[in-house]
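Visitor: If it helps, the file is called run.tsv and holds TSV, C-alpha atoms:
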```
chain	number	residue	atom	x	y	z
A	1	MET	CA	1.00	-3.40	21.42
A	2	SER	CA	1.18	0.30	22.27
A	3	GLU	CA	0.67	3.54	20.37
A	4	GLY	CA	4.42	3.80	19.94
A	5	ASP	CA	4.34	0.98	17.42
A	6	LEU	CA	2.29	3.01	14.94
A	7	THR	CA	3.98	5.05	12.25
A	8	ILE	CA	2.02	7.44	10.05
A	9	HIS	CA	3.90	8.07	6.83
A	10	VAL	CA	2.76	11.30	5.17
A	11	CYS	CA	3.57	11.79	1.48
A	12	THR	CA	5.11	15.21	0.94
A	13	ALA	CA	5.52	14.90	-2.84
A	14	CYS	CA	1.90	14.94	-4.08
A	15	ARG	CA	1.02	18.13	-5.92
A	16	ARG	CA	-2.42	19.68	-5.40
A	17	PRO	CA	-3.58	21.91	-8.28
A	18	ARG	CA	-3.62	25.55	-7.12
A	19	PRO	CA	-4.27	27.84	-10.10
A	20	ASP	CA	-4.07	30.82	-7.73
A	21	LEU	CA	-0.37	30.18	-7.08
A	22	PRO	CA	2.47	31.09	-9.47
A	23	GLU	CA	3.64	27.46	-9.54
A	24	GLY	CA	0.11	26.22	-10.20
A	25	TYR	CA	0.26	23.74	-7.33
A	26	ASP	CA	1.20	23.29	-3.70
A	27	GLN	CA	2.39	20.26	-1.75
A	28	PRO	CA	0.03	20.05	1.20
A	29	GLY	CA	1.58	16.92	2.70
A	30	ILE	CA	4.38	18.91	4.29
A	31	GLY	CA	1.93	21.01	6.29
A	32	LEU	CA	-0.21	18.00	7.13
A	33	ALA	CA	2.78	16.14	8.58
A	34	GLU	CA	3.69	19.12	10.74
A	35	ARG	CA	0.17	19.75	12.01
A	36	LEU	CA	-0.43	16.06	12.64
A	37	ALA	CA	2.81	15.65	14.60
A	38	ALA	CA	2.01	18.76	16.67
A	39	GLN	CA	-1.54	17.62	17.45
A	40	LEU	CA	-0.41	14.14	18.46
A	41	GLU	CA	2.36	15.56	20.65
A	42	ALA	CA	-0.13	17.89	22.33
A	43	ARG	CA	-2.25	14.83	23.16
A	44	GLY	CA	0.77	13.07	24.67
A	45	SER	CA	0.56	10.41	21.97
A	46	ARG	CA	3.53	8.21	21.08
A	47	ILE	CA	2.30	7.72	17.50
A	48	ALA	CA	5.15	8.65	15.13
A	49	VAL	CA	4.66	10.89	12.10
A	50	LEU	CA	7.23	10.51	9.32
A	51	PRO	CA	7.20	12.66	6.19
A	52	VAL	CA	8.08	10.50	3.17
A	53	GLU	CA	9.19	11.65	-0.23
A	54	CYS	CA	6.78	9.61	-2.33
A	55	LEU	CA	4.13	6.96	-1.71
A	56	ALA	CA	3.62	6.68	-5.50
A	57	VAL	CA	-0.10	7.40	-5.32
A	58	CYS	CA	0.40	10.95	-6.64
A	59	LYS	CA	-3.16	11.73	-7.70
A	60	ARG	CA	-4.88	11.75	-4.31
A	61	PRO	CA	-3.19	14.34	-2.04
A	62	CYS	CA	-2.76	14.17	0.81
A	63	THR	CA	-1.96	10.49	0.99
A	64	ILE	CA	-0.85	8.80	4.21
A	65	ALA	CA	0.04	5.25	5.25
A	66	LEU	CA	-0.62	3.77	8.69
A	67	SER	CA	1.60	0.85	9.54
A	68	ALA	CA	2.70	-1.06	12.61
A	69	ASP	CA	4.54	-4.27	13.26
A	70	GLY	CA	2.17	-7.24	12.90
A	71	LYS	CA	-0.73	-5.15	11.58
A	72	TRP	CA	-2.34	-4.49	8.20
A	73	THR	CA	-0.95	-1.37	6.51
A	74	TYR	CA	-3.61	1.09	5.31
A	75	LEU	CA	-3.07	3.71	2.60
A	76	ILE	CA	-5.55	6.59	2.71
A	77	GLY	CA	-5.79	9.44	0.20
A	78	ASP	CA	-7.82	12.61	-0.46
A	79	LEU	CA	-7.07	14.02	2.99
A	80	GLU	CA	-7.11	17.77	3.63
A	81	THR	CA	-5.36	19.22	6.66
A	82	GLU	CA	-8.05	21.85	7.20
A	83	THR	CA	-10.93	19.37	7.10
A	84	HIS	CA	-9.58	16.04	8.27
A	85	LEU	CA	-6.91	16.59	10.92
A	86	ASP	CA	-9.12	15.52	13.83
A	87	GLU	CA	-10.41	12.53	11.88
A	88	ILE	CA	-6.87	11.39	11.09
A	89	VAL	CA	-5.89	11.64	14.77
A	90	GLY	CA	-8.98	9.68	15.82
A	91	ALA	CA	-8.52	7.03	13.15
A	92	ALA	CA	-4.85	6.64	14.01
A	93	GLU	CA	-5.70	6.15	17.68
A	94	ALA	CA	-8.33	3.55	16.76
A	95	TYR	CA	-5.78	1.79	14.53
A	96	ALA	CA	-3.22	1.85	17.35
A	97	ALA	CA	-5.76	0.33	19.74
A	98	SER	CA	-6.80	-2.42	17.30
A	99	ALA	CA	-5.34	-5.90	17.43
A	100	ASN	CA	-4.46	-6.23	13.74
A	101	GLY	CA	-4.92	-2.77	12.24
A	102	ILE	CA	-8.43	-3.49	10.99
A	103	VAL	CA	-10.80	-0.97	12.57
A	104	PRO	CA	-14.52	-1.87	12.24
A	105	TRP	CA	-16.09	-0.02	9.28
A	106	LYS	CA	-18.64	1.87	11.37
A	107	GLU	CA	-15.88	3.20	13.61
A	108	ARG	CA	-13.92	4.69	10.71
A	109	PRO	CA	-14.38	8.37	9.90
A	110	GLN	CA	-15.95	9.20	6.55
A	111	SER	CA	-12.62	10.35	5.12
A	112	PHE	CA	-11.06	6.96	5.85
A	113	ARG	CA	-14.00	5.08	4.33
A	114	LYS	CA	-13.91	7.07	1.10
A	115	GLY	CA	-10.17	7.63	0.93
A	116	VAL	CA	-8.85	4.10	1.12
A	117	VAL	CA	-6.26	3.54	-1.61
A	118	ALA	CA	-5.10	0.07	-0.60
A	119	ARG	CA	-4.25	-2.16	2.34
A	120	VAL	CA	-1.57	-4.82	2.79
A	121	PRO	CA	-1.48	-7.68	5.30
A	122	PRO	CA	1.36	-7.97	7.79
A	123	LEU	CA	4.12	-10.37	6.80
A	124	PRO	CA	3.42	-14.00	7.74
A	125	ALA	CA	6.19	-14.24	10.34
A	126	ARG	CA	4.79	-11.21	12.11
A	127	GLN	CA	1.22	-12.52	11.87
A	128	GLN	CA	2.32	-15.55	13.86
A	129	GLY	CA	4.29	-13.47	16.36
B	130	MET	CA	18.45	-11.10	2.90
B	131	SER	CA	17.30	-14.09	0.86
B	132	GLU	CA	14.41	-14.77	-1.50
B	133	GLY	CA	12.59	-16.48	1.33
B	134	ASP	CA	11.93	-13.12	2.94
B	135	LEU	CA	9.72	-11.95	0.09
B	136	THR	CA	5.99	-12.45	0.22
B	137	ILE	CA	3.77	-11.75	-2.79
B	138	HIS	CA	0.21	-11.14	-1.66
B	139	VAL	CA	-2.25	-11.68	-4.51
B	140	CYS	CA	-5.71	-10.18	-4.17
B	141	THR	CA	-8.34	-12.80	-4.98
B	142	ALA	CA	-11.37	-10.55	-4.49
B	143	CYS	CA	-11.07	-8.11	-7.42
B	144	ARG	CA	-13.76	-8.64	-10.03
B	145	ARG	CA	-12.84	-8.30	-13.71
B	146	PRO	CA	-15.81	-7.50	-16.00
B	147	ARG	CA	-16.60	-10.53	-18.19
B	148	PRO	CA	-19.85	-9.89	-20.08
B	149	ASP	CA	-19.46	-13.33	-21.68
B	150	LEU	CA	-19.95	-15.07	-18.33
B	151	PRO	CA	-23.33	-15.59	-16.61
B	152	GLU	CA	-22.07	-13.75	-13.51
B	153	GLY	CA	-20.72	-10.87	-15.62
B	154	TYR	CA	-17.29	-11.07	-13.98
B	155	ASP	CA	-14.52	-13.38	-12.95
B	156	GLN	CA	-11.93	-13.16	-10.17
B	157	PRO	CA	-8.62	-13.67	-11.95
B	158	GLY	CA	-6.48	-13.27	-8.83
B	159	ILE	CA	-7.17	-16.85	-7.76
B	160	GLY	CA	-5.69	-18.22	-10.98
B	161	LEU	CA	-2.80	-15.76	-10.90
B	162	ALA	CA	-1.82	-16.84	-7.39
B	163	GLU	CA	-1.84	-20.50	-8.42
B	164	ARG	CA	0.14	-19.98	-11.63
B	165	LEU	CA	2.63	-17.70	-9.91
B	166	ALA	CA	3.23	-20.14	-7.06
B	167	ALA	CA	3.69	-23.00	-9.55
B	168	GLN	CA	6.13	-21.04	-11.70
B	169	LEU	CA	8.21	-19.94	-8.71
B	170	GLU	CA	8.27	-23.47	-7.34
B	171	ALA	CA	9.41	-24.79	-10.72
B	172	ARG	CA	12.29	-22.32	-10.59
B	173	GLY	CA	13.27	-23.50	-7.11
B	174	SER	CA	12.44	-20.08	-5.69
B	175	ARG	CA	11.72	-19.55	-2.01
B	176	ILE	CA	9.52	-16.50	-2.70
B	177	ALA	CA	6.16	-17.05	-0.99
B	178	VAL	CA	2.82	-16.46	-2.73
B	179	LEU	CA	-0.13	-15.78	-0.45
B	180	PRO	CA	-3.66	-15.28	-1.76
B	181	VAL	CA	-5.36	-12.52	0.22
B	182	GLU	CA	-9.04	-11.76	0.41
B	183	CYS	CA	-8.89	-8.04	-0.29
B	184	LEU	CA	-6.18	-5.43	-0.84
B	185	ALA	CA	-8.90	-2.74	-1.10
B	186	VAL	CA	-7.77	-1.55	-4.52
B	187	CYS	CA	-10.70	-3.29	-6.23
B	188	LYS	CA	-10.64	-1.45	-9.57
B	189	ARG	CA	-7.31	-2.69	-10.94
B	190	PRO	CA	-7.34	-6.51	-11.14
B	191	CYS	CA	-5.14	-8.32	-10.66
B	192	THR	CA	-3.51	-6.42	-7.83
B	193	ILE	CA	-0.53	-7.79	-5.93
B	194	ALA	CA	1.68	-6.54	-3.09
B	195	LEU	CA	5.38	-7.32	-2.72
B	196	SER	CA	6.67	-7.00	0.80
B	197	ALA	CA	9.64	-8.12	2.83
B	198	ASP	CA	11.05	-7.31	6.23
B	199	GLY	CA	13.04	-4.08	6.11
B	200	LYS	CA	12.01	-3.23	2.51
B	201	TRP	CA	9.57	-0.90	0.83
B	202	THR	CA	6.21	-2.55	0.08
B	203	TYR	CA	5.03	-2.15	-3.53
B	204	LEU	CA	1.42	-2.48	-4.67
B	205	ILE	CA	1.01	-3.21	-8.38
B	206	GLY	CA	-2.29	-3.44	-10.27
B	207	ASP	CA	-3.59	-4.11	-13.80
B	208	LEU	CA	-1.77	-7.44	-14.03
B	209	GLU	CA	-3.02	-10.23	-16.30
B	210	THR	CA	-1.93	-13.81	-15.75
B	211	GLU	CA	-1.80	-14.54	-19.48
B	212	THR	CA	0.35	-11.51	-20.32
B	213	HIS	CA	2.41	-10.70	-17.25
B	214	LEU	CA	3.30	-13.91	-15.43
B	215	ASP	CA	6.94	-13.91	-16.55
B	216	GLU	CA	7.27	-10.19	-15.80
B	217	ILE	CA	5.93	-10.67	-12.28
B	218	VAL	CA	8.40	-13.50	-11.63
B	219	GLY	CA	11.29	-11.38	-12.95
B	220	ALA	CA	10.24	-8.30	-11.00
B	221	ALA	CA	9.81	-10.32	-7.82
B	222	GLU	CA	13.29	-11.80	-8.19
B	223	ALA	CA	14.73	-8.31	-8.77
B	224	TYR	CA	12.88	-7.05	-5.67
B	225	ALA	CA	14.19	-10.00	-3.64
B	226	ALA	CA	17.73	-9.24	-4.77
B	227	SER	CA	17.46	-5.52	-3.96
B	228	ALA	CA	18.70	-4.05	-0.71
B	229	ASN	CA	15.59	-2.06	0.17
B	230	GLY	CA	12.89	-3.17	-2.27
B	231	ILE	CA	13.50	-0.28	-4.66
B	232	VAL	CA	14.42	-1.70	-8.06
B	233	PRO	CA	15.91	0.85	-10.50
B	234	TRP	CA	13.22	2.17	-12.86
B	235	LYS	CA	14.90	0.91	-16.03
B	236	GLU	CA	15.07	-2.61	-14.61
B	237	ARG	CA	11.34	-2.77	-13.94
B	238	PRO	CA	9.10	-4.42	-16.51
B	239	GLN	CA	6.57	-2.21	-18.28
B	240	SER	CA	3.68	-3.69	-16.30
B	241	PHE	CA	5.33	-2.69	-13.01
B	242	ARG	CA	6.05	0.83	-14.23
B	243	LYS	CA	2.49	1.44	-15.37
B	244	GLY	CA	0.74	-0.60	-12.72
B	245	VAL	CA	2.12	0.92	-9.53
B	246	VAL	CA	-0.74	1.66	-7.13
B	247	ALA	CA	1.32	2.75	-4.13
B	248	ARG	CA	4.43	2.02	-2.11
B	249	VAL	CA	5.10	2.18	1.63
B	250	PRO	CA	8.44	2.49	3.42
B	251	PRO	CA	9.56	-0.16	5.88
B	252	LEU	CA	8.92	0.65	9.51
B	253	PRO	CA	11.65	2.76	11.13
B	254	ALA	CA	12.84	0.03	13.52
B	255	ARG	CA	13.32	-2.32	10.60
B	256	GLN	CA	15.08	0.36	8.53
B	257	GLN	CA	17.68	0.60	11.29
B	258	GLY	CA	17.95	-3.19	11.68
```
Take the structure in the file and write it out as structure tokens.

Guide:
Amino acid sequence: MSEGDLTIHVCTACRRPRPDLPEGYDQPGIGLAERLAAQLEARGSRIAVLPVECLAVCKRPCTIALSADGKWTYLIGDLETETHLDEIVGAAEAYAASANGIVPWKERPQSFRKGVVARVPPLPARQQG
Amino acid sequence: MSEGDLTIHVCTACRRPRPDLPEGYDQPGIGLAERLAAQLEARGSRIAVLPVECLAVCKRPCTIALSADGKWTYLIGDLETETHLDEIVGAAEAYAASANGIVPWKERPQSFRKGVVARVPPLPARQQG
């Protein structure tokens, strides 16, 4: 199991209220996906970042999903590019290094402890693989 | 793609407030998993029902996750065994019959429209498969 198996899906649809903008909102997931991909590439990481149109969480931008073959999928929300970029990179690397996607609680950054939206087990066939 | 590829994970950890009980709560996911498995078996379905200790949603019992190789995973909450059992069976069969796990909105039962917690795309390798 290598880093290359991990995909970070970043929701680009969520709207964050921004009363200072004419539209009244922005969509910070687009920028997060770009910054995250750039930071991982700069580290020589093979973790993939994929922008995705909608993770259907909607109310907790930015929302991301970490998934890998044979591992638990984790959905994390309430992430801000400015504040949490390093924590996301660290948490993704810890996830990639884990056997089943479950990183010990004390090793998770604060944003991942507070931001968890849901998790889903790997499919049975892949659990046995 | 057959029904046998679909796994319904049912969270058995969520606590539903029940002031009438000495503990003050029950854990309705256990009963939902049993009833759902029985109903699917009675219909001759190959859809698998797997109780799971925690989907980390916690506040929206019962919560379930529908997942299958190469399809979007859907997390649905606020499901009641008494009210929604038939809707869950129908929605699961529609999901199993779909190409990518995305069932048209108008074909989803009300409980699945209102109860969506999140969704996650299939992994890229499986999308291409």

Visitor: Should the cut-off be 9 Å, what would the residue list for chain A against chain B look like, counting all atoms listed in the file, as a PyMOL selection string?

Guide: chain A and resi 6-7+9+52+54-58+65+67-69+73+75+116-124

Visitor: Which residue out of A:Pro19, A:Gly90, A:Gly115, A:Gly24 has the minimum interatomic distance to A:Cys62 when all atoms listed in the file are used?

Guide: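 Checking each of A:Pro19, A:Gly90, A:Gly115, A:Gly24 against A:Cys62, counting all atoms listed in the file, the winner is A:Gly115.
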
Visitor: So how far away is atom CA of A:Lys59 from atom CA of B:Pro190, in Å?

Guide: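 Taking atom CA of B:Pro190 as the start and atom CA of A:Lys59 as the end point, the length is 19.0 Å.
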
Visitor: Between B:Asp207, B:Glu216, B:Gly199, B:Val178, which is the closest to B:Ala166 once you count only C-alpha atoms?

Guide: B:Val178

Visitor: Tell me, in Å to one decimal, how far atom CA of B:Ile159 is from atom CA of B:Arg144.

Guide: 10.8 Å

Visitor: Hey, can you check how far atom CA of A:Thr81 sits from atom CA of B:Ile205?

Guide: 27.7 Å

Visitor: Quick one: of A:Ile47, A:Lys71, A:Gln27, A:Ala33, who's nearest to A:Ser98, counting all atoms listed in the file?

Guide: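 Nearest to A:Ser98: A:Lys71.
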
Visitor: Return the single residue from B:Ala225, B:Leu169, B:Ala220, B:Ala142 that is closest to B:Pro157, with distances computed using only C-alpha atoms.

Guide: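 Under the stated criterion, the closest residue is B:Ala142.
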
Visitor: Put a box with edges along x, y and z around all the listed atoms of stretch 107-119 of chain A, pad it by 3 Å on each side, then give me its centre and sizes in Å, one decimal, as lines of an AutoDock Vina configuration file.

Guide:
```
center_x = -10.1
center_y = 4.1
center_z = 6.0
size_x = 17.7
size_y = 18.5
size_z = 21.2
```

Visitor: Given all atoms listed in the file as the basis, pick out the residue of A:Val89, A:Tyr25, A:Val10, A:Arg60 nearest to A:Ala42.

Guide: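 For A:Ala42, the nearest of the given residues is A:Val89.
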